[in-house]
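A.B. asks: Just so it is clear, I am handing over entry04.cif, which has mmCIF, N, CA, C and O atoms.
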data_run
#
loop_
_atom_site.group_PDB
_atom_site.id
_atom_site.type_symbol
_atom_site.label_atom_id
_atom_site.label_comp_id
_atom_site.auth_asym_id
_atom_site.auth_seq_id
_atom_site.Cartn_x
_atom_site.Cartn_y
_atom_site.Cartn_z
ATOM 1 N N MET A 20 0.841 -1.176 0.000
ATOM 2 C CA MET A 20 0.000 0.000 0.000
ATOM 3 C C MET A 20 0.888 1.243 0.000
ATOM 4 O O MET A 20 1.839 1.324 0.764
ATOM 5 N N ALA A 21 0.562 2.154 -0.847
ATOM 6 C CA ALA A 21 1.335 3.398 -0.956
ATOM 7 C C ALA A 21 1.022 4.309 0.229
ATOM 8 O O ALA A 21 -0.089 4.319 0.748
ATOM 9 N N THR A 22 2.033 5.058 0.638
ATOM 10 C CA THR A 22 1.825 6.027 1.712
ATOM 11 C C THR A 22 1.960 7.427 1.144
ATOM 12 O O THR A 22 2.744 7.662 0.220
ATOM 13 N N LEU A 23 1.197 8.322 1.702
ATOM 14 C CA LEU A 23 1.259 9.723 1.280
ATOM 15 C C LEU A 23 2.386 10.422 2.023
ATOM 16 O O LEU A 23 2.685 10.083 3.168
ATOM 17 N N PRO A 24 3.016 11.398 1.383
ATOM 18 C CA PRO A 24 4.087 12.123 2.075
ATOM 19 C C PRO A 24 3.546 12.927 3.256
ATOM 20 O O PRO A 24 2.452 13.471 3.198
ATOM 21 N N THR A 25 4.335 12.980 4.304
ATOM 22 C CA THR A 25 3.975 13.767 5.481
ATOM 23 C C THR A 25 4.248 15.250 5.201
ATOM 24 O O THR A 25 4.898 15.598 4.210
ATOM 25 N N ASP A 26 3.790 16.091 6.106
ATOM 26 C CA ASP A 26 4.049 17.528 5.960
ATOM 27 C C ASP A 26 5.543 17.813 5.917
ATOM 28 O O ASP A 26 6.007 18.622 5.113
ATOM 29 N N ILE A 27 6.300 17.139 6.766
ATOM 30 C CA ILE A 27 7.755 17.374 6.795
ATOM 31 C C ILE A 27 8.400 16.890 5.493
ATOM 32 O O ILE A 27 9.305 17.544 4.973
ATOM 33 N N GLU A 28 7.927 15.793 4.947
ATOM 34 C CA GLU A 28 8.470 15.317 3.669
ATOM 35 C C GLU A 28 8.150 16.293 2.538
ATOM 36 O O GLU A 28 8.984 16.522 1.655
ATOM 37 N N LYS A 29 6.972 16.864 2.586
ATOM 38 C CA LYS A 29 6.602 17.871 1.582
ATOM 39 C C LYS A 29 7.494 19.109 1.720
ATOM 40 O O LYS A 29 7.948 19.675 0.720
ATOM 41 N N ALA A 30 7.743 19.518 2.957
ATOM 42 C CA ALA A 30 8.619 20.674 3.179
ATOM 43 C C ALA A 30 10.030 20.374 2.712
ATOM 44 O O ALA A 30 10.720 21.259 2.193
ATOM 45 N N ARG A 31 10.466 19.126 2.851
ATOM 46 C CA ARG A 31 11.800 18.739 2.375
ATOM 47 C C ARG A 31 11.896 18.870 0.856
ATOM 48 O O ARG A 31 12.959 19.172 0.316
ATOM 49 N N MET A 32 10.786 18.631 0.158
ATOM 50 C CA MET A 32 10.770 18.838 -1.292
ATOM 51 C C MET A 32 11.077 20.303 -1.606
ATOM 52 O O MET A 32 11.873 20.607 -2.505
ATOM 53 N N ALA A 33 10.442 21.196 -0.868
ATOM 54 C CA ALA A 33 10.692 22.624 -1.074
ATOM 55 C C ALA A 33 12.132 22.971 -0.721
ATOM 56 O O ALA A 33 12.805 23.716 -1.453
ATOM 57 N N LEU A 34 12.622 22.416 0.382
ATOM 58 C CA LEU A 34 14.016 22.654 0.771
ATOM 59 C C LEU A 34 14.972 22.126 -0.293
ATOM 60 O O LEU A 34 15.977 22.770 -0.605
ATOM 61 N N ASP A 35 14.663 20.972 -0.855
ATOM 62 C CA ASP A 35 15.507 20.413 -1.923
ATOM 63 C C ASP A 35 15.554 21.331 -3.132
ATOM 64 O O ASP A 35 16.569 21.405 -3.829
ATOM 65 N N THR A 36 14.446 22.036 -3.382
ATOM 66 C CA THR A 36 14.416 22.973 -4.503
ATOM 67 C C THR A 36 15.345 24.149 -4.238
ATOM 68 O O THR A 36 16.115 24.559 -5.121
ATOM 69 N N PHE A 37 15.308 24.686 -3.023
ATOM 70 C CA PHE A 37 16.253 25.754 -2.675
ATOM 71 C C PHE A 37 17.689 25.254 -2.822
ATOM 72 O O PHE A 37 18.558 25.962 -3.349
ATOM 73 N N LYS A 38 17.949 24.028 -2.368
ATOM 74 C CA LYS A 38 19.285 23.442 -2.475
ATOM 75 C C LYS A 38 19.682 23.280 -3.940
ATOM 76 O O LYS A 38 20.816 23.573 -4.325
ATOM 77 N N HIS A 39 18.756 22.826 -4.760
ATOM 78 C CA HIS A 39 19.000 22.626 -6.196
ATOM 79 C C HIS A 39 19.533 23.909 -6.851
ATOM 80 O O HIS A 39 20.442 23.855 -7.679
ATOM 81 N N PHE A 40 18.978 25.040 -6.447
ATOM 82 C CA PHE A 40 19.379 26.326 -7.030
ATOM 83 C C PHE A 40 20.508 27.009 -6.258
ATOM 84 O O PHE A 40 20.902 28.108 -6.608
ATOM 85 N N GLY A 41 21.010 26.358 -5.209
ATOM 86 C CA GLY A 41 22.105 26.951 -4.436
ATOM 87 C C GLY A 41 21.688 28.201 -3.682
ATOM 88 O O GLY A 41 22.502 29.112 -3.478
ATOM 89 N N THR A 42 20.448 28.238 -3.243
ATOM 90 C CA THR A 42 19.900 29.415 -2.573
ATOM 91 C C THR A 42 20.495 29.575 -1.176
ATOM 92 O O THR A 42 20.649 28.610 -0.444
ATOM 93 N N ARG A 43 20.809 30.802 -0.835
ATOM 94 C CA ARG A 43 21.341 31.129 0.498
ATOM 95 C C ARG A 43 20.282 31.873 1.299
ATOM 96 O O ARG A 43 19.309 32.376 0.728
ATOM 97 N N PRO A 44 20.463 31.973 2.622
ATOM 98 C CA PRO A 44 19.480 32.680 3.443
ATOM 99 C C PRO A 44 19.220 34.098 2.923
ATOM 100 O O PRO A 44 20.157 34.811 2.552
ATOM 101 N N GLY A 45 17.958 34.456 2.861
ATOM 102 C CA GLY A 45 17.572 35.784 2.403
ATOM 103 C C GLY A 45 17.323 35.868 0.905
ATOM 104 O O GLY A 45 16.746 36.841 0.436
ATOM 105 N N GLU A 46 17.750 34.864 0.159
ATOM 106 C CA GLU A 46 17.520 34.859 -1.286
ATOM 107 C C GLU A 46 16.142 34.271 -1.590
ATOM 108 O O GLU A 46 15.566 33.555 -0.775
ATOM 109 N N VAL A 47 15.638 34.581 -2.770
ATOM 110 C CA VAL A 47 14.280 34.184 -3.134
ATOM 111 C C VAL A 47 14.262 33.320 -4.386
ATOM 112 O O VAL A 47 15.189 33.362 -5.205
ATOM 113 N N LEU A 48 13.191 32.542 -4.513
ATOM 114 C CA LEU A 48 12.884 31.807 -5.739
ATOM 115 C C LEU A 48 11.442 32.125 -6.120
ATOM 116 O O LEU A 48 10.618 32.432 -5.263
ATOM 117 N N MET A 49 11.148 32.002 -7.395
ATOM 118 C CA MET A 49 9.780 32.176 -7.866
ATOM 119 C C MET A 49 9.066 30.833 -7.783
ATOM 120 O O MET A 49 9.702 29.767 -7.821
ATOM 121 N N LEU A 50 7.755 30.862 -7.672
ATOM 122 C CA LEU A 50 6.967 29.641 -7.596
ATOM 123 C C LEU A 50 7.245 28.743 -8.798
ATOM 124 O O LEU A 50 7.298 27.516 -8.663
ATOM 125 N N GLN A 51 7.488 29.333 -9.946
ATOM 126 C CA GLN A 51 7.770 28.554 -11.146
ATOM 127 C C GLN A 51 9.012 27.678 -10.965
ATOM 128 O O GLN A 51 9.089 26.591 -11.543
ATOM 129 N N ASN A 52 9.995 28.146 -10.196
ATOM 130 C CA ASN A 52 11.183 27.342 -9.926
ATOM 131 C C ASN A 52 10.803 26.051 -9.211
ATOM 132 O O ASN A 52 11.309 24.976 -9.537
ATOM 133 N N PHE A 53 9.912 26.162 -8.231
ATOM 134 C CA PHE A 53 9.484 24.988 -7.472
ATOM 135 C C PHE A 53 8.702 24.024 -8.360
ATOM 136 O O PHE A 53 8.893 22.811 -8.279
ATOM 137 N N LEU A 54 7.845 24.575 -9.205
ATOM 138 C CA LEU A 54 7.036 23.737 -10.074
ATOM 139 C C LEU A 54 7.897 23.032 -11.117
ATOM 140 O O LEU A 54 7.668 21.854 -11.431
ATOM 141 N N ALA A 55 8.904 23.704 -11.634
ATOM 142 C CA ALA A 55 9.791 23.091 -12.622
ATOM 143 C C ALA A 55 10.574 21.935 -12.008
ATOM 144 O O ALA A 55 10.700 20.862 -12.626
ATOM 145 N N VAL A 56 11.103 22.113 -10.813
ATOM 146 C CA VAL A 56 11.852 21.045 -10.148
ATOM 147 C C VAL A 56 10.921 19.889 -9.806
ATOM 148 O O VAL A 56 11.274 18.720 -9.968
ATOM 149 N N ALA A 57 9.707 20.193 -9.369
ATOM 150 C CA ALA A 57 8.732 19.151 -9.058
ATOM 151 C C ALA A 57 8.447 18.294 -10.286
ATOM 152 O O ALA A 57 8.442 17.058 -10.203
ATOM 153 N N MET A 58 8.257 18.928 -11.410
ATOM 154 C CA MET A 58 7.991 18.182 -12.641
ATOM 155 C C MET A 58 9.188 17.323 -13.020
ATOM 156 O O MET A 58 9.039 16.167 -13.417
ATOM 157 N N LYS A 59 10.383 17.879 -12.889
ATOM 158 C CA LYS A 59 11.609 17.151 -13.243
ATOM 159 C C LYS A 59 11.798 15.911 -12.362
ATOM 160 O O LYS A 59 12.235 14.864 -12.828
ATOM 161 N N LYS A 60 11.447 16.040 -11.081
ATOM 162 C CA LYS A 60 11.661 14.944 -10.131
ATOM 163 C C LYS A 60 10.446 14.028 -9.988
ATOM 164 O O LYS A 60 10.499 13.061 -9.245
ATOM 165 N N GLY A 61 9.364 14.371 -10.670
ATOM 166 C CA GLY A 61 8.171 13.546 -10.606
ATOM 167 C C GLY A 61 7.356 13.724 -9.338
ATOM 168 O O GLY A 61 6.601 12.839 -8.946
ATOM 169 N N TRP A 62 7.489 14.894 -8.691
ATOM 170 C CA TRP A 62 6.714 15.187 -7.489
ATOM 171 C C TRP A 62 5.389 15.806 -7.886
ATOM 172 O O TRP A 62 5.290 16.488 -8.902
ATOM 173 N N ARG A 63 4.395 15.615 -7.059
ATOM 174 C CA ARG A 63 3.119 16.308 -7.261
ATOM 175 C C ARG A 63 3.316 17.777 -6.875
ATOM 176 O O ARG A 63 3.833 18.072 -5.802
ATOM 177 N N THR A 64 2.898 18.657 -7.742
ATOM 178 C CA THR A 64 3.097 20.082 -7.462
ATOM 179 C C THR A 64 2.310 20.514 -6.226
ATOM 180 O O THR A 64 2.764 21.378 -5.481
ATOM 181 N N THR A 65 1.159 19.895 -5.991
ATOM 182 C CA THR A 65 0.387 20.244 -4.797
ATOM 183 C C THR A 65 1.152 19.886 -3.523
ATOM 184 O O THR A 65 1.044 20.597 -2.517
ATOM 185 N N ASP A 66 1.935 18.804 -3.563
ATOM 186 C CA ASP A 66 2.741 18.439 -2.395
ATOM 187 C C ASP A 66 3.795 19.505 -2.115
ATOM 188 O O ASP A 66 4.043 19.862 -0.961
ATOM 189 N N VAL A 67 4.407 20.019 -3.161
ATOM 190 C CA VAL A 67 5.434 21.043 -2.980
ATOM 191 C C VAL A 67 4.819 22.328 -2.437
ATOM 192 O O VAL A 67 5.363 22.948 -1.516
ATOM 193 N N VAL A 68 3.671 22.708 -2.965
ATOM 194 C CA VAL A 68 2.991 23.912 -2.477
ATOM 195 C C VAL A 68 2.608 23.732 -1.006
ATOM 196 O O VAL A 68 2.807 24.639 -0.188
ATOM 197 N N GLU A 69 2.093 22.563 -0.660
ATOM 198 C CA GLU A 69 1.768 22.298 0.745
ATOM 199 C C GLU A 69 3.030 22.292 1.606
ATOM 200 O O GLU A 69 3.009 22.715 2.760
ATOM 201 N N GLY A 70 4.137 21.835 1.036
ATOM 202 C CA GLY A 70 5.415 21.873 1.744
ATOM 203 C C GLY A 70 5.882 23.295 2.002
ATOM 204 O O GLY A 70 6.440 23.594 3.067
ATOM 205 N N LEU A 71 5.647 24.170 1.052
ATOM 206 C CA LEU A 71 5.981 25.580 1.251
ATOM 207 C C LEU A 71 5.133 26.179 2.364
ATOM 208 O O LEU A 71 5.630 26.950 3.188
ATOM 209 N N GLU A 72 3.867 25.803 2.405
ATOM 210 C CA GLU A 72 2.987 26.304 3.462
ATOM 211 C C GLU A 72 3.442 25.790 4.826
ATOM 212 O O GLU A 72 3.519 26.561 5.792
ATOM 213 N N TYR A 73 3.745 24.496 4.910
ATOM 214 C CA TYR A 73 4.201 23.933 6.182
ATOM 215 C C TYR A 73 5.532 24.567 6.597
ATOM 216 O O TYR A 73 5.717 24.952 7.746
ATOM 217 N N GLY A 74 6.464 24.673 5.654
ATOM 218 C CA GLY A 74 7.759 25.286 5.951
ATOM 219 C C GLY A 74 7.623 26.728 6.407
ATOM 220 O O GLY A 74 8.359 27.184 7.283
ATOM 221 N N SER A 75 6.662 27.439 5.836
ATOM 222 C CA SER A 75 6.411 28.820 6.272
ATOM 223 C C SER A 75 5.941 28.844 7.722
ATOM 224 O O SER A 75 6.357 29.710 8.499
ATOM 225 N N SER A 76 5.099 27.879 8.086
ATOM 226 C CA SER A 76 4.607 27.832 9.470
ATOM 227 C C SER A 76 5.730 27.495 10.449
ATOM 228 O O SER A 76 5.640 27.821 11.629
ATOM 229 N N GLN A 77 6.799 26.871 9.948
ATOM 230 C CA GLN A 77 7.953 26.534 10.770
ATOM 231 C C GLN A 77 9.015 27.639 10.770
ATOM 232 O O GLN A 77 10.038 27.526 11.443
ATOM 233 N N GLY A 78 8.786 28.679 9.963
ATOM 234 C CA GLY A 78 9.738 29.786 9.879
ATOM 235 C C GLY A 78 10.880 29.526 8.910
ATOM 236 O O GLY A 78 11.874 30.245 8.916
ATOM 237 N N TRP A 79 10.745 28.529 8.050
ATOM 238 C CA TRP A 79 11.803 28.194 7.090
ATOM 239 C C TRP A 79 11.730 29.041 5.832
ATOM 240 O O TRP A 79 12.738 29.257 5.168
ATOM 241 N N PHE A 80 10.529 29.478 5.476
ATOM 242 C CA PHE A 80 10.296 30.287 4.282
ATOM 243 C C PHE A 80 9.396 31.446 4.668
ATOM 244 O O PHE A 80 8.649 31.357 5.629
ATOM 245 N N GLU A 81 9.465 32.498 3.856
ATOM 246 C CA GLU A 81 8.555 33.631 4.038
ATOM 247 C C GLU A 81 8.304 34.259 2.682
ATOM 248 O O GLU A 81 9.042 34.009 1.727
ATOM 249 N N GLU A 82 7.267 35.061 2.620
ATOM 250 C CA GLU A 82 6.955 35.747 1.367
ATOM 251 C C GLU A 82 8.040 36.743 1.037
ATOM 252 O O GLU A 82 8.493 37.492 1.892
ATOM 253 N N GLY A 83 8.446 36.731 -0.207
ATOM 254 C CA GLY A 83 9.412 37.703 -0.695
ATOM 255 C C GLY A 83 8.707 38.698 -1.601
ATOM 256 O O GLY A 83 7.481 38.658 -1.755
ATOM 257 N N PRO A 84 9.464 39.570 -2.232
ATOM 258 C CA PRO A 84 8.861 40.560 -3.126
ATOM 259 C C PRO A 84 8.343 39.920 -4.412
ATOM 260 O O PRO A 84 8.862 38.889 -4.858
ATOM 261 N N ASN A 85 7.307 40.513 -4.966
ATOM 262 C CA ASN A 85 6.782 40.101 -6.278
ATOM 263 C C ASN A 85 6.429 38.618 -6.354
ATOM 264 O O ASN A 85 6.810 37.922 -7.291
ATOM 265 N N HIS A 86 5.740 38.121 -5.333
ATOM 266 C CA HIS A 86 5.248 36.734 -5.325
ATOM 267 C C HIS A 86 6.370 35.703 -5.333
ATOM 268 O O HIS A 86 6.277 34.675 -5.992
ATOM 269 N N THR A 87 7.446 35.978 -4.620
ATOM 270 C CA THR A 87 8.543 35.036 -4.492
ATOM 271 C C THR A 87 8.523 34.425 -3.086
ATOM 272 O O THR A 87 7.784 34.872 -2.214
ATOM 273 N N ILE A 88 9.340 33.402 -2.902
ATOM 274 C CA ILE A 88 9.474 32.754 -1.600
ATOM 275 C C ILE A 88 10.913 32.915 -1.149
ATOM 276 O O ILE A 88 11.846 32.570 -1.879
ATOM 277 N N ARG A 89 11.077 33.465 0.058
ATOM 278 C CA ARG A 89 12.410 33.723 0.593
ATOM 279 C C ARG A 89 12.817 32.586 1.542
ATOM 280 O O ARG A 89 12.025 32.137 2.374
ATOM 281 N N LEU A 90 14.040 32.134 1.406
ATOM 282 C CA LEU A 90 14.617 31.144 2.321
ATOM 283 C C LEU A 90 15.151 31.876 3.549
ATOM 284 O O LEU A 90 15.943 32.807 3.417
ATOM 285 N N THR A 91 14.708 31.469 4.713
ATOM 286 C CA THR A 91 15.196 32.097 5.938
ATOM 287 C C THR A 91 16.463 31.367 6.435
ATOM 288 O O THR A 91 16.794 30.288 5.932
ATOM 289 N N ALA A 92 17.122 31.957 7.405
ATOM 290 C CA ALA A 92 18.291 31.301 8.000
ATOM 291 C C ALA A 92 17.890 29.971 8.634
ATOM 292 O O ALA A 92 18.620 28.973 8.530
ATOM 293 N N ALA A 93 16.716 29.936 9.263
ATOM 294 C CA ALA A 93 16.233 28.685 9.865
ATOM 295 C C ALA A 93 15.988 27.628 8.786
ATOM 296 O O ALA A 93 16.273 26.436 8.989
ATOM 297 N N GLY A 94 15.490 28.041 7.651
ATOM 298 C CA GLY A 94 15.279 27.116 6.528
ATOM 299 C C GLY A 94 16.598 26.613 5.977
ATOM 300 O O GLY A 94 16.747 25.431 5.662
ATOM 301 N N TYR A 95 17.547 27.505 5.851
ATOM 302 C CA TYR A 95 18.868 27.123 5.349
ATOM 303 C C TYR A 95 19.508 26.090 6.268
ATOM 304 O O TYR A 95 20.140 25.139 5.806
ATOM 305 N N ASP A 96 19.298 26.245 7.564
ATOM 306 C CA ASP A 96 19.831 25.269 8.530
ATOM 307 C C ASP A 96 19.229 23.885 8.322
ATOM 308 O O ASP A 96 19.858 22.884 8.652
ATOM 309 N N GLN A 97 18.019 23.816 7.781
ATOM 310 C CA GLN A 97 17.356 22.541 7.536
ATOM 311 C C GLN A 97 17.909 21.827 6.304
ATOM 312 O O GLN A 97 17.738 20.618 6.165
ATOM 313 N N ILE A 98 18.539 22.586 5.421
ATOM 314 C CA ILE A 98 19.105 21.992 4.208
ATOM 315 C C ILE A 98 20.339 21.204 4.592
ATOM 316 O O ILE A 98 20.564 20.120 4.194
#
As structure tokens, what does this structure read like?

C.D. replies:
Amino acid sequence: MATLPTDIEKARMALDTFKHFGTRPGEVLMLQNFLAVAMKKGWRTTDVVEGLEYGSSQGWFEEGPNHTIRLTAAGYDQI
């Protein structure tokens, strides 16, 4: 039986995307970056979006300018 990813696993997908682009604390990515990596890795885009929401609640990500997502120092520590 297949298992669904947990909230933390979904957030790890988002963290992996920041890692993929070599993002440092305070830097931002556009949502399209996350969706492109999700498609490349075969992840469900809804899981990645939910991971961004969970990571935001943990203080790992925050809204950046112009609809971007900023990696916080706490998020960088999780990578």

A.B. asks: Return as a ChimeraX atom specification the set of residues that the PyMOL selection byres ((chain A and resi 53-70) around 7) yields on the displayed structure.

C.D. replies: /A:25-34,36,48-52,71-76

A.B. asks: So what do you get for CA of Lys38 in chain A versus CA of Gln77 in chain A, distance-wise?

C.D. replies: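 Result for CA of Lys38 in chain A versus CA of Gln77 in chain A: 17.7 Å, one decimal.
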
A.B. asks: Could you pull out the alpha helix (DSSP H) residues of chain A, going by DSSP on the backbone, and write them as a PyMOL selection string?

C.D. replies: chain A and resi 26-39+50-60+64-76+92-97

A.B. asks: Please, which residues of range 24-92 of chain A, numbered as in this document, come out strand (DSSP E or B) from DSSP, as a list in words?

C.D. replies: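 Those residues are Val47, Leu48, Met49, Phe80, Glu81, Glu82, Thr87, Ile88, Arg89 and Leu90 of chain A.
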
A.B. asks: Could you tell me, as a PyMOL selection string, exactly which residues end up selected when the PyMOL selection byres ((chain A and resi 80) around 5) is applied to this structure?

C.D. replies: chain A and resi 74-75+78-79+81-82+89-91
